[in-house]
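Have a look at target38.csv; it's CSV, C-alpha atoms:
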```csv
chain,number,residue,atom,x,y,z
A,18,MET,CA,0.0,0.0,0.0
A,19,GLN,CA,2.8,2.4,1.0
A,20,ARG,CA,4.7,1.5,-2.2
A,21,SER,CA,1.6,2.3,-4.4
A,22,ARG,CA,1.2,5.7,-2.6
A,23,PHE,CA,4.9,6.4,-3.2
A,24,LEU,CA,4.6,5.6,-6.9
A,25,PHE,CA,1.4,7.7,-7.2
A,26,CYS,CA,3.2,10.6,-5.6
A,27,LEU,CA,6.1,10.3,-7.9
A,28,MET,CA,3.8,10.2,-10.9
A,29,PHE,CA,1.9,13.2,-9.7
A,30,LEU,CA,5.2,15.1,-9.1
A,31,PHE,CA,6.5,14.2,-12.5
A,32,SER,CA,3.2,15.2,-14.1
A,33,SER,CA,3.2,18.5,-12.2
A,34,LEU,CA,6.8,19.2,-13.2
A,35,THR,CA,5.9,18.5,-16.9
A,36,VAL,CA,3.0,20.9,-16.8
A,37,LEU,CA,5.1,23.6,-15.1
A,38,GLN,CA,7.9,23.2,-17.8
A,39,ALA,CA,5.3,23.4,-20.5
A,40,ASN,CA,3.9,26.6,-19.0
A,41,ASP,CA,7.4,28.0,-18.6
A,42,VAL,CA,8.1,27.2,-22.3
A,43,GLU,CA,4.9,28.9,-23.5
A,44,GLN,CA,5.6,32.0,-21.3
A,45,ASP,CA,9.2,32.3,-22.6
A,46,ILE,CA,8.0,32.0,-26.2
A,47,ALA,CA,5.3,34.6,-25.6
A,48,LYS,CA,7.9,37.0,-24.2
A,49,ILE,CA,10.2,36.4,-27.2
A,50,LYS,CA,7.4,37.1,-29.7
A,51,GLN,CA,6.8,40.5,-28.1
A,52,VAL,CA,10.2,41.8,-29.1
A,53,GLN,CA,10.1,44.7,-31.5
A,54,LYS,CA,12.7,45.9,-34.1
A,55,GLU,CA,13.0,49.2,-32.3
A,56,GLY,CA,14.5,47.4,-29.3
A,57,GLN,CA,11.4,47.2,-27.3
A,58,GLY,CA,11.3,44.0,-25.2
A,59,ASN,CA,14.9,43.1,-26.0
A,60,LEU,CA,16.0,42.6,-22.4
A,61,THR,CA,13.0,40.5,-21.5
A,62,ALA,CA,13.3,38.5,-24.7
A,63,SER,CA,17.0,37.9,-24.1
A,64,LYS,CA,16.3,36.5,-20.6
A,65,ALA,CA,13.5,34.4,-22.0
A,66,VAL,CA,15.8,32.9,-24.7
A,67,GLN,CA,18.4,32.0,-22.1
A,68,GLN,CA,15.7,30.2,-20.0
A,69,LEU,CA,14.1,28.6,-23.0
A,70,SER,CA,17.4,27.3,-24.3
A,71,GLN,CA,17.7,25.2,-21.1
A,72,SER,CA,14.5,23.3,-21.8
A,73,ASP,CA,14.5,19.7,-22.8
A,74,ALA,CA,13.5,18.3,-26.2
A,75,SER,CA,9.8,18.5,-25.4
A,76,ALA,CA,10.1,22.3,-26.2
A,77,LEU,CA,11.2,21.8,-29.8
A,78,ILE,CA,7.8,21.4,-31.4
A,79,PRO,CA,6.2,24.3,-29.4
A,80,ILE,CA,9.0,26.5,-30.5
A,81,LEU,CA,8.6,25.5,-34.2
A,82,SER,CA,4.8,26.0,-33.9
A,83,SER,CA,5.5,29.6,-32.5
A,84,PHE,CA,7.1,30.6,-35.8
A,85,GLU,CA,3.7,31.4,-37.1
A,86,GLY,CA,3.0,35.1,-36.7
A,87,ALA,CA,6.4,35.9,-35.3
A,88,ASN,CA,8.3,39.0,-36.6
A,89,PRO,CA,11.7,38.5,-38.2
A,90,LEU,CA,13.6,39.6,-35.0
A,91,ALA,CA,11.6,37.1,-32.8
A,92,LEU,CA,12.2,34.4,-35.4
A,93,ASN,CA,15.9,34.8,-34.9
A,94,TRP,CA,15.6,34.5,-31.2
A,95,LEU,CA,13.3,31.4,-31.5
A,96,ARG,CA,15.6,29.8,-34.0
A,97,GLY,CA,18.6,30.3,-31.7
A,98,ALA,CA,16.8,28.6,-28.8
A,99,PHE,CA,15.6,25.8,-31.0
A,100,GLU,CA,19.1,25.1,-32.2
A,101,ALA,CA,20.5,25.1,-28.7
A,102,ILE,CA,18.0,22.6,-27.5
A,103,ALA,CA,18.2,20.4,-30.6
A,104,ALA,CA,22.0,20.2,-30.3
A,105,LYS,CA,21.7,19.0,-26.7
A,106,ALA,CA,19.0,16.5,-27.7
A,107,ILE,CA,21.1,15.1,-30.5
A,108,GLN,CA,24.1,14.7,-28.2
A,109,GLN,CA,21.8,12.9,-25.7
A,110,LYS,CA,20.1,10.9,-28.5
A,111,LYS,CA,16.7,12.3,-27.4
A,112,LEU,CA,15.7,14.2,-30.6
A,113,PRO,CA,12.0,13.6,-31.2
A,114,VAL,CA,12.5,12.3,-34.8
A,115,LYS,CA,8.9,11.1,-35.3
A,116,LYS,CA,7.3,14.3,-34.2
A,117,LEU,CA,9.8,16.4,-36.3
A,118,GLU,CA,8.9,14.4,-39.4
A,119,GLU,CA,5.2,14.8,-38.7
A,120,PHE,CA,5.7,18.5,-38.3
A,121,ILE,CA,7.6,18.7,-41.7
A,122,LEU,CA,4.8,16.8,-43.5
A,123,ASP,CA,2.1,19.1,-42.1
A,124,THR,CA,1.9,21.7,-44.9
A,125,SER,CA,-0.2,24.0,-42.8
A,126,ARG,CA,2.8,24.8,-40.7
A,127,ASN,CA,5.1,27.7,-41.1
A,128,PRO,CA,7.5,27.0,-44.1
A,129,ARG,CA,10.6,28.3,-42.3
A,130,ALA,CA,9.8,26.2,-39.2
A,131,ARG,CA,9.3,23.1,-41.5
A,132,ARG,CA,12.7,23.7,-43.1
A,133,LEU,CA,14.4,24.1,-39.8
A,134,ALA,CA,12.8,20.8,-38.6
A,135,TYR,CA,14.0,19.1,-41.8
A,136,GLU,CA,17.6,20.3,-41.5
A,137,THR,CA,17.6,19.1,-37.9
A,138,LEU,CA,16.1,15.7,-38.6
A,139,ILE,CA,18.5,14.8,-41.4
A,140,LYS,CA,21.4,15.3,-39.0
A,141,VAL,CA,20.4,12.1,-37.2
A,142,ASP,CA,18.5,10.5,-40.0
A,143,PRO,CA,20.0,11.2,-43.4
A,144,ALA,CA,17.7,8.7,-45.0
A,145,ALA,CA,14.8,11.0,-44.2
A,146,ALA,CA,15.7,13.1,-47.3
A,147,ASP,CA,14.7,10.1,-49.5
A,148,ARG,CA,11.4,9.7,-47.7
A,149,ILE,CA,10.4,13.3,-47.5
A,150,ILE,CA,11.8,15.4,-50.4
A,151,PRO,CA,10.4,13.5,-53.4
A,152,GLY,CA,6.9,14.4,-52.2
A,153,MET,CA,7.6,18.1,-52.0
A,154,ILE,CA,7.5,18.9,-55.7
A,155,ASN,CA,4.6,21.2,-55.2
A,156,ASP,CA,5.1,22.1,-51.6
A,157,ALA,CA,4.3,25.4,-50.0
A,158,SER,CA,7.8,25.7,-48.7
A,159,VAL,CA,10.0,27.3,-51.3
A,160,THR,CA,13.2,25.6,-50.0
A,161,LEU,CA,11.8,22.2,-49.6
A,162,ARG,CA,10.2,22.4,-53.1
A,163,ARG,CA,13.6,23.5,-54.5
A,164,ASP,CA,15.2,20.4,-53.1
A,165,ALA,CA,12.6,18.2,-54.7
A,166,VAL,CA,13.0,20.0,-58.1
A,167,GLN,CA,16.8,19.6,-57.9
A,168,ARG,CA,16.6,15.9,-57.3
A,169,LEU,CA,14.5,15.5,-60.4
A,170,ILE,CA,16.9,17.7,-62.4
A,171,ASN,CA,19.8,15.5,-61.3
A,172,GLU,CA,17.9,12.4,-62.2
A,173,ALA,CA,16.9,13.7,-65.6
A,174,LYS,CA,20.5,14.6,-66.4
A,175,LYS,CA,21.6,11.1,-65.6
A,176,LEU,CA,18.9,9.7,-67.9
A,177,GLU,CA,19.9,12.1,-70.6
A,178,LYS,CA,23.5,11.1,-70.3
A,179,ALA,CA,22.5,7.4,-70.6
A,180,ASP,CA,20.7,8.3,-73.8
A,181,LYS,CA,17.3,7.6,-72.3
A,182,LYS,CA,15.8,10.8,-73.8
A,183,ASP,CA,12.1,10.0,-73.5
A,184,GLN,CA,12.5,9.2,-69.8
A,185,ALA,CA,14.6,12.2,-69.3
A,186,LYS,CA,12.0,14.4,-70.9
A,187,LYS,CA,9.3,13.1,-68.5
A,188,VAL,CA,11.4,13.8,-65.5
A,189,TYR,CA,12.3,17.3,-66.7
A,190,GLN,CA,8.6,18.0,-67.2
A,191,GLN,CA,7.9,16.8,-63.7
A,192,ALA,CA,10.6,19.1,-62.4
A,193,LEU,CA,9.3,22.0,-64.3
A,194,SER,CA,5.8,21.6,-62.7
A,195,GLY,CA,7.3,22.6,-59.3
A,196,ALA,CA,10.1,24.9,-60.3
A,197,THR,CA,9.8,28.6,-59.5
A,198,ASP,CA,13.4,29.7,-59.1
A,199,SER,CA,14.7,31.1,-62.4
A,200,ASP,CA,18.1,29.3,-62.2
A,201,GLN,CA,16.3,25.9,-61.9
A,202,VAL,CA,13.8,26.8,-64.6
A,203,LYS,CA,16.6,27.6,-67.0
A,204,ASN,CA,18.4,24.3,-66.2
A,205,ILE,CA,15.1,22.5,-67.1
A,206,VAL,CA,13.9,24.5,-70.1
A,207,LYS,CA,17.2,24.4,-72.0
A,208,PRO,CA,17.4,20.6,-72.2
A,209,LEU,CA,13.7,20.2,-72.7
A,210,ARG,CA,13.8,22.6,-75.7
A,211,SER,CA,16.8,20.7,-77.1
A,212,LEU,CA,14.7,17.5,-76.8
A,213,GLY,CA,12.0,19.2,-79.0
A,214,GLU,CA,9.6,20.4,-76.3
A,215,LYS,CA,7.8,23.7,-76.6
A,216,ILE,CA,7.7,25.5,-73.3
A,217,ASP,CA,5.6,28.6,-72.6
A,218,LEU,CA,7.4,30.2,-69.7
A,219,GLN,CA,5.0,33.1,-69.6
A,220,LYS,CA,2.2,30.7,-68.7
A,221,HIS,CA,4.4,28.8,-66.3
A,222,PHE,CA,5.3,31.9,-64.3
A,223,GLY,CA,1.9,33.6,-64.6
A,224,PHE,CA,3.2,36.6,-66.5
A,225,LEU,CA,0.8,39.1,-67.9
A,226,SER,CA,1.9,39.7,-71.5
A,227,GLU,CA,-1.0,41.7,-73.0
A,228,TRP,CA,-1.3,45.3,-71.9
A,229,MET,CA,-3.0,48.6,-72.7
A,230,ILE,CA,-0.5,51.5,-72.4
A,231,VAL,CA,-0.8,55.3,-72.6
A,232,GLY,CA,1.7,58.2,-72.2
A,233,PRO,CA,4.0,59.9,-71.9
A,234,PHE,CA,2.8,62.2,-69.1
A,235,ASP,CA,5.1,64.8,-67.5
A,236,ASN,CA,7.7,63.6,-64.9
A,237,ARG,CA,10.2,66.4,-65.3
A,238,GLU,CA,11.9,67.1,-61.9
A,239,LYS,CA,10.1,63.9,-60.8
A,240,LYS,CA,6.9,65.7,-60.3
A,241,GLY,CA,4.8,63.1,-62.1
A,242,TYR,CA,5.1,60.5,-59.4
A,243,ASP,CA,2.7,62.4,-57.1
A,244,THR,CA,0.7,64.0,-59.9
A,245,VAL,CA,-2.7,62.5,-60.4
A,246,TYR,CA,-3.2,62.1,-64.2
A,247,ALA,CA,-6.4,61.0,-65.9
A,248,PRO,CA,-5.9,57.2,-65.8
A,249,GLU,CA,-5.8,57.3,-62.0
A,250,GLU,CA,-9.2,59.0,-61.9
A,251,LYS,CA,-10.9,56.9,-64.5
A,252,LEU,CA,-9.9,54.2,-67.0
A,253,ASP,CA,-11.5,55.1,-70.3
A,254,PHE,CA,-9.6,53.3,-73.0
A,255,ALA,CA,-11.4,55.2,-75.8
A,256,ALA,CA,-10.5,58.6,-74.5
A,257,ALA,CA,-7.8,60.9,-75.8
A,258,LEU,CA,-5.8,62.3,-72.9
A,259,GLU,CA,-3.6,65.4,-72.5
A,260,GLY,CA,0.0,64.1,-72.2
A,261,LYS,CA,3.5,65.6,-72.0
A,262,GLU,CA,3.8,66.0,-75.8
A,263,GLY,CA,0.1,66.6,-76.7
A,264,LYS,CA,-2.8,64.2,-77.0
A,265,VAL,CA,-2.1,60.6,-76.2
A,266,ASN,CA,-4.3,57.5,-76.7
A,267,TRP,CA,-4.4,54.1,-75.1
A,268,LYS,CA,-3.0,51.3,-77.4
A,269,SER,CA,-2.7,47.6,-77.1
A,270,VAL,CA,0.8,46.1,-76.7
A,271,ASN,CA,2.2,42.7,-75.8
A,272,THR,CA,5.5,41.0,-75.1
A,273,LYS,CA,6.7,37.6,-76.3
A,274,ASP,CA,9.7,37.6,-73.9
A,275,ASP,CA,10.0,34.4,-72.0
A,276,TYR,CA,10.0,36.3,-68.7
A,277,GLY,CA,7.3,38.8,-69.6
A,278,ILE,CA,9.5,41.8,-69.9
A,279,PHE,CA,7.9,44.7,-71.7
A,280,ASP,CA,10.5,47.4,-72.8
A,281,VAL,CA,8.9,50.8,-73.0
A,282,ALA,CA,12.1,52.4,-74.4
A,283,LYS,CA,12.5,49.9,-77.2
A,284,SER,CA,8.9,49.1,-78.0
A,285,ILE,CA,7.5,52.7,-77.8
A,286,SER,CA,10.1,55.4,-77.1
A,287,PRO,CA,13.0,56.0,-74.7
A,288,TYR,CA,11.1,58.8,-72.9
A,289,LYS,CA,12.9,60.8,-70.3
A,290,GLY,CA,11.2,62.6,-67.5
A,291,ALA,CA,8.1,60.7,-68.3
A,292,VAL,CA,5.2,58.7,-66.8
A,293,MET,CA,3.5,55.8,-68.6
A,294,TYR,CA,0.4,54.0,-67.5
A,295,CYS,CA,-0.1,50.3,-68.2
A,296,ALA,CA,-3.3,48.3,-67.6
A,297,ALA,CA,-4.1,44.6,-67.8
A,298,ASP,CA,-6.9,42.3,-66.9
A,299,PHE,CA,-6.6,39.3,-64.6
A,300,HIS,CA,-9.5,36.9,-64.5
A,301,SER,CA,-10.1,34.7,-61.5
A,302,PRO,CA,-12.7,32.0,-61.0
A,303,GLN,CA,-13.0,32.8,-57.3
A,304,LYS,CA,-12.0,35.2,-54.6
A,305,GLN,CA,-8.4,34.3,-53.6
A,306,SER,CA,-5.3,35.7,-51.9
A,307,LEU,CA,-2.4,36.0,-54.3
A,308,GLU,CA,0.7,38.1,-55.0
A,309,ILE,CA,1.6,40.6,-57.7
A,310,ARG,CA,5.3,40.1,-58.4
A,311,LEU,CA,6.9,43.0,-60.2
A,312,GLY,CA,10.3,43.7,-61.6
A,313,THR,CA,11.3,47.2,-62.8
A,314,PRO,CA,14.2,49.6,-62.5
A,315,ASN,CA,11.8,52.5,-62.4
A,316,ALA,CA,9.6,54.3,-59.8
A,317,TRP,CA,6.1,52.8,-59.7
A,318,LYS,CA,2.6,52.7,-58.2
A,319,ILE,CA,0.1,49.9,-58.6
A,320,TRP,CA,-3.7,49.7,-58.3
A,321,VAL,CA,-6.0,46.7,-58.5
A,322,ASN,CA,-9.7,47.5,-59.1
A,323,GLY,CA,-9.1,51.2,-58.4
A,324,LYS,CA,-7.4,50.5,-55.0
A,325,LEU,CA,-3.8,51.6,-54.5
A,326,LEU,CA,-1.8,48.6,-53.3
A,327,PHE,CA,1.8,49.8,-53.1
A,328,ALA,CA,4.2,52.3,-54.5
A,329,ARG,CA,8.0,52.9,-54.6
A,330,ASN,CA,9.6,56.2,-55.5
A,331,GLU,CA,13.1,54.9,-56.4
A,332,TYR,CA,14.9,54.9,-59.7
A,333,HIS,CA,17.6,52.7,-61.3
A,334,ARG,CA,17.7,50.1,-58.5
A,335,GLY,CA,18.2,47.3,-61.0
A,336,MET,CA,15.7,44.7,-62.1
A,337,VAL,CA,15.3,41.1,-61.2
A,338,LEU,CA,12.5,38.5,-61.2
A,339,ASP,CA,10.1,38.9,-58.3
A,340,GLN,CA,11.9,42.1,-57.2
A,341,TYR,CA,8.7,43.3,-55.4
A,342,SER,CA,5.9,41.1,-54.0
A,343,VAL,CA,2.6,42.8,-53.2
A,344,PRO,CA,-0.2,40.8,-51.6
A,345,VAL,CA,-3.5,41.1,-53.3
A,346,THR,CA,-7.0,39.7,-52.9
A,347,VAL,CA,-8.5,39.2,-56.3
A,348,GLN,CA,-12.3,39.1,-56.8
A,349,PRO,CA,-14.2,36.6,-58.9
A,350,GLY,CA,-14.2,37.6,-62.6
A,351,LYS,CA,-12.2,40.4,-64.0
A,352,ASN,CA,-9.7,42.3,-62.0
A,353,VAL,CA,-8.1,45.4,-63.5
A,354,ILE,CA,-4.4,46.1,-62.7
A,355,LEU,CA,-3.1,49.6,-63.3
A,356,LEU,CA,0.7,50.2,-63.2
A,357,LYS,CA,2.2,53.7,-63.1
A,358,LEU,CA,5.7,53.6,-64.4
A,359,CYS,CA,8.0,56.6,-64.0
A,360,GLN,CA,11.3,57.4,-65.7
A,361,ASN,CA,13.5,60.3,-64.6
A,362,GLU,CA,15.7,62.6,-66.6
A,363,GLN,CA,19.1,61.0,-65.8
A,364,ASP,CA,21.0,60.5,-69.1
A,365,ASP,CA,23.8,58.2,-68.0
A,366,SER,CA,24.1,55.1,-70.2
A,367,TRP,CA,23.3,52.8,-67.2
A,368,ALA,CA,20.1,54.8,-66.4
A,369,GLN,CA,18.2,54.2,-69.7
A,370,ARG,CA,16.2,51.1,-68.8
A,371,TYR,CA,12.4,51.8,-68.9
A,372,GLN,CA,10.8,48.4,-68.6
A,373,PHE,CA,8.9,46.0,-66.3
A,374,GLN,CA,7.7,42.4,-65.9
A,375,LEU,CA,4.6,41.5,-63.8
A,376,ARG,CA,3.2,38.2,-62.9
A,377,ILE,CA,0.5,36.8,-60.6
A,378,ALA,CA,1.6,34.1,-58.2
A,379,ARG,CA,0.7,32.2,-55.0
A,380,PRO,CA,2.7,33.0,-51.9
A,381,SER,CA,4.7,29.8,-52.6
A,382,GLY,CA,5.9,31.4,-55.9
A,383,THR,CA,4.0,29.2,-58.3
A,384,GLY,CA,2.4,31.1,-61.2
A,385,VAL,CA,-1.3,31.6,-61.6
A,386,ARG,CA,-2.8,32.1,-65.0
A,387,SER,CA,-5.6,34.5,-65.9
A,388,GLN,CA,-8.6,32.4,-66.6
A,389,LYS,CA,-10.3,34.7,-69.1
A,390,PRO,CA,-13.8,33.7,-70.2
A,391,GLU,CA,-14.0,33.2,-73.9
A,392,ALA,CA,-16.8,35.7,-74.5
A,393,THR,CA,-15.0,38.5,-72.5
A,394,THR,CA,-13.2,41.3,-74.4
A,395,GLN,CA,-9.8,42.1,-72.9
A,396,LEU,CA,-9.8,45.4,-70.9
A,397,SER,CA,-13.4,46.4,-71.8
A,398,PRO,CA,-14.3,49.7,-70.2
```
Same coordinates, now as structure tokens:
Amino acid sequence: MQRSRFLFCLMFLFSSLTVLQANDVEQDIAKIKQVQKEGQGNLTASKAVQQLSQSDASALIPILSSFEGANPLALNWLRGAFEAIAAKAIQQKKLPVKKLEEFILDTSRNPRARRLAYETLIKVDPAAADRIIPGMINDASVTLRRDAVQRLINEAKKLEKADKKDQAKKVYQQALSGATDSDQVKNIVKPLRSLGEKIDLQKHFGFLSEWMIVGPFDNREKKGYDTVYAPEEKLDFAAALEGKEGKVNWKSVNTKDDYGIFDVAKSISPYKGAVMYCAADFHSPQKQSLEIRLGTPNAWKIWVNGKLLFARNEYHRGMVLDQYSVPVTVQPGKNVILLKLCQNEQDDSWAQRYQFQLRIARPSGTGVRSQKPEATTQLSP
């Protein structure tokens, strides 16, 4: 009887300690997530990190779960605590490998947290890469998907080298279905095209290639950026507007560039001190949260359905794919995108680019095509 009571007391004590530790972990995490980039909460967060880092391996999954909603500074603190605990757990052979793998496979979890869990897991179980990565070809995590794509590229190259061209083509096509990084896409498209495949990269990335454009409007002394010209007040594609050099009219343009680049300077004119307005339709079958991904070396503003989403008054910063990502909620049916593109008067040779590329993508980076109803006229007023 006394032995039973003693065991019960031990179990109760152990359970109480476990609950207390869990509470401490949650409290430390909450303190860390309150840290602000201005330095507010730094001292409290620093102490919380020190305490959290002393926790046992049971704190690992709660820390990973807390990545959701954490600001970048808090993420750094949380990652540091996670790595300290994980290193100790690996040394003691107490890493919760099963729970980590379950976390990685849960696509609803934070992508950064899933990647950290994966990098930790393969330290003790390298074979996990063969179990996990092949299924990540369309994963929400950019880095996990990239690994899956790279495995397929490597496999296709081996098949191609072995003169198994048909098999190589199928594997390259599978890799392309998940590829969003331009370097990987190029490494896929080049051999596919050499194997006779026609690849529409504009559709793959979700680039908008058909535009209506009007201008130039005056941007001398950079005054045009804040000036509200007629297209910002009303989109009337049949109207003649007062421009910098007289009356201007909307006209239809398109680009066949693989990466959707439309070059105003080469296609229309190398205007200096000028504003151009570009408009395009994006048709969606339902309301959905997407991203507008823009690349341009020019100053710009962008509206969707008349609402200003974002703006950047900066010139000659360079231009790369997905340079800017702007969250947008598109409505069912037609959504009208208006881009204001500003070029300054700088006449140096390196300052002459007047161009842009714009695509619609999911947060994961995969392109989304405009699903235009057949009976709808592009950019009808």
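Put simply, CA of Arg129 (chain A) is 7.7 Å away from CA of Phe84 (chain A).
When CA of Glu214 (chain A) is paired with CA of Arg379 (chain A), their separation reads 25.9 Å.
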Close residues, Thr272 (chain A) itself excluded, 8 Å, only C-alpha atoms, min 3 positions apart in chain, as an NGL selection string: :A and (226-227 or 277-279)
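Across the structure, CA of Ser301 (chain A) and CA of Ile154 (chain A) are spaced 24.4 Å apart.
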Skipping near chain neighbours, those fewer than 2 positions away, what residues fall within 9 Å of Val114 (chain A) using all atoms listed in the file, listed as a count of residues only? 9
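Using only C-alpha atoms, the set of residues no farther than 12 Å from the position (10.4, 54.8, -54.5) comprises Lys239, Tyr242, Asp243, Thr313, Pro314, Asn315, Ala316, Trp317, Lys318, Phe327, Ala328, Arg329, Asn330, Glu331, Tyr332, His333, Arg334, Tyr341, Lys357, Leu358, Cys359, Gln360 and Asn361 of chain A.
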Quick one: of A:Gly232, A:Pro302, A:Gly323, A:Pro89, who's nearest to Leu252 (chain A), counting all atoms listed in the file? A:Gly323
Name the residues in contact with Pro248 (chain A) at a cut-off of 12 Å, using all atoms listed in the file, excluding same-chain residues fewer than 2 positions from it; report them as a PyMOL selection string. chain A and resi 229-234+244-246+250-260+265-267+292-296+319-320+323+354-357
Using only C-alpha atoms, which residues sit within 10 Å of Tyr276 (chain A) once same-chain residues fewer than 3 positions away are excluded, as an NGL selection string? :A and (199 or 217-226 or 272-273 or 279 or 338 or 374-376)
One residue among A:Asn155, A:Asn40, A:Asn59, A:Asn204 is nearest to Asn171 (chain A) when using all atoms listed in the file, and that residue is A:Asn204
Would you mind writing region 248-265 of chain A with N, CA and C atoms, as a PDB file, in the frame of the given file?
```pdb
ATOM      1  N   PRO A 248      -5.626  58.648 -65.989  1.00  0.00           N
ATOM      2  CA  PRO A 248      -5.900  57.200 -65.800  1.00  0.00           C
ATOM      3  C   PRO A 248      -6.066  56.821 -64.310  1.00  0.00           C
ATOM      4  N   GLU A 249      -5.561  57.637 -63.393  1.00  0.00           N
ATOM      5  CA  GLU A 249      -5.800  57.300 -62.000  1.00  0.00           C
ATOM      6  C   GLU A 249      -7.169  57.672 -61.519  1.00  0.00           C
ATOM      7  N   GLU A 250      -7.832  58.565 -62.255  1.00  0.00           N
ATOM      8  CA  GLU A 250      -9.200  59.000 -61.900  1.00  0.00           C
ATOM      9  C   GLU A 250     -10.238  58.105 -62.539  1.00  0.00           C
ATOM     10  N   LYS A 251      -9.961  57.731 -63.800  1.00  0.00           N
ATOM     11  CA  LYS A 251     -10.900  56.900 -64.500  1.00  0.00           C
ATOM     12  C   LYS A 251     -10.217  56.219 -65.692  1.00  0.00           C
ATOM     13  N   LEU A 252     -10.493  54.923 -65.831  1.00  0.00           N
ATOM     14  CA  LEU A 252      -9.900  54.200 -67.000  1.00  0.00           C
ATOM     15  C   LEU A 252     -10.930  54.199 -68.111  1.00  0.00           C
ATOM     16  N   ASP A 253     -10.630  55.000 -69.101  1.00  0.00           N
ATOM     17  CA  ASP A 253     -11.500  55.100 -70.300  1.00  0.00           C
ATOM     18  C   ASP A 253     -10.526  54.848 -71.495  1.00  0.00           C
ATOM     19  N   PHE A 254     -10.527  53.630 -72.012  1.00  0.00           N
ATOM     20  CA  PHE A 254      -9.600  53.300 -73.000  1.00  0.00           C
ATOM     21  C   PHE A 254      -9.861  53.856 -74.410  1.00  0.00           C
ATOM     22  N   ALA A 255     -11.028  54.505 -74.525  1.00  0.00           N
ATOM     23  CA  ALA A 255     -11.400  55.200 -75.800  1.00  0.00           C
ATOM     24  C   ALA A 255     -11.055  56.647 -75.767  1.00  0.00           C
ATOM     25  N   ALA A 256     -10.687  57.183 -74.620  1.00  0.00           N
ATOM     26  CA  ALA A 256     -10.500  58.600 -74.500  1.00  0.00           C
ATOM     27  C   ALA A 256      -9.101  59.056 -74.938  1.00  0.00           C
ATOM     28  N   ALA A 257      -9.051  60.262 -75.552  1.00  0.00           N
ATOM     29  CA  ALA A 257      -7.800  60.900 -75.800  1.00  0.00           C
ATOM     30  C   ALA A 257      -7.421  61.774 -74.642  1.00  0.00           C
ATOM     31  N   LEU A 258      -6.176  61.629 -74.139  1.00  0.00           N
ATOM     32  CA  LEU A 258      -5.800  62.300 -72.900  1.00  0.00           C
ATOM     33  C   LEU A 258      -4.685  63.323 -73.186  1.00  0.00           C
ATOM     34  N   GLU A 259      -4.607  64.323 -72.325  1.00  0.00           N
ATOM     35  CA  GLU A 259      -3.600  65.400 -72.500  1.00  0.00           C
ATOM     36  C   GLU A 259      -2.282  64.849 -71.850  1.00  0.00           C
ATOM     37  N   GLY A 260      -1.267  64.665 -72.708  1.00  0.00           N
ATOM     38  CA  GLY A 260       0.000  64.100 -72.200  1.00  0.00           C
ATOM     39  C   GLY A 260       1.103  65.162 -72.258  1.00  0.00           C
ATOM     40  N   LYS A 261       2.298  64.723 -72.033  1.00  0.00           N
ATOM     41  CA  LYS A 261       3.500  65.600 -72.000  1.00  0.00           C
ATOM     42  C   LYS A 261       3.740  66.249 -73.322  1.00  0.00           C
ATOM     43  N   GLU A 262       3.474  65.520 -74.416  1.00  0.00           N
ATOM     44  CA  GLU A 262       3.800  66.000 -75.800  1.00  0.00           C
ATOM     45  C   GLU A 262       2.544  66.200 -76.614  1.00  0.00           C
ATOM     46  N   GLY A 263       1.395  66.432 -75.945  1.00  0.00           N
ATOM     47  CA  GLY A 263       0.100  66.600 -76.700  1.00  0.00           C
ATOM     48  C   GLY A 263      -0.826  65.479 -76.353  1.00  0.00           C
ATOM     49  N   LYS A 264      -1.808  65.273 -77.231  1.00  0.00           N
ATOM     50  CA  LYS A 264      -2.800  64.200 -77.000  1.00  0.00           C
ATOM     51  C   LYS A 264      -2.202  62.851 -77.092  1.00  0.00           C
ATOM     52  N   VAL A 265      -2.617  61.983 -76.181  1.00  0.00           N
ATOM     53  CA  VAL A 265      -2.100  60.600 -76.200  1.00  0.00           C
ATOM     54  C   VAL A 265      -3.347  59.668 -76.092  1.00  0.00           C
TER      55      VAL A 265
END
```
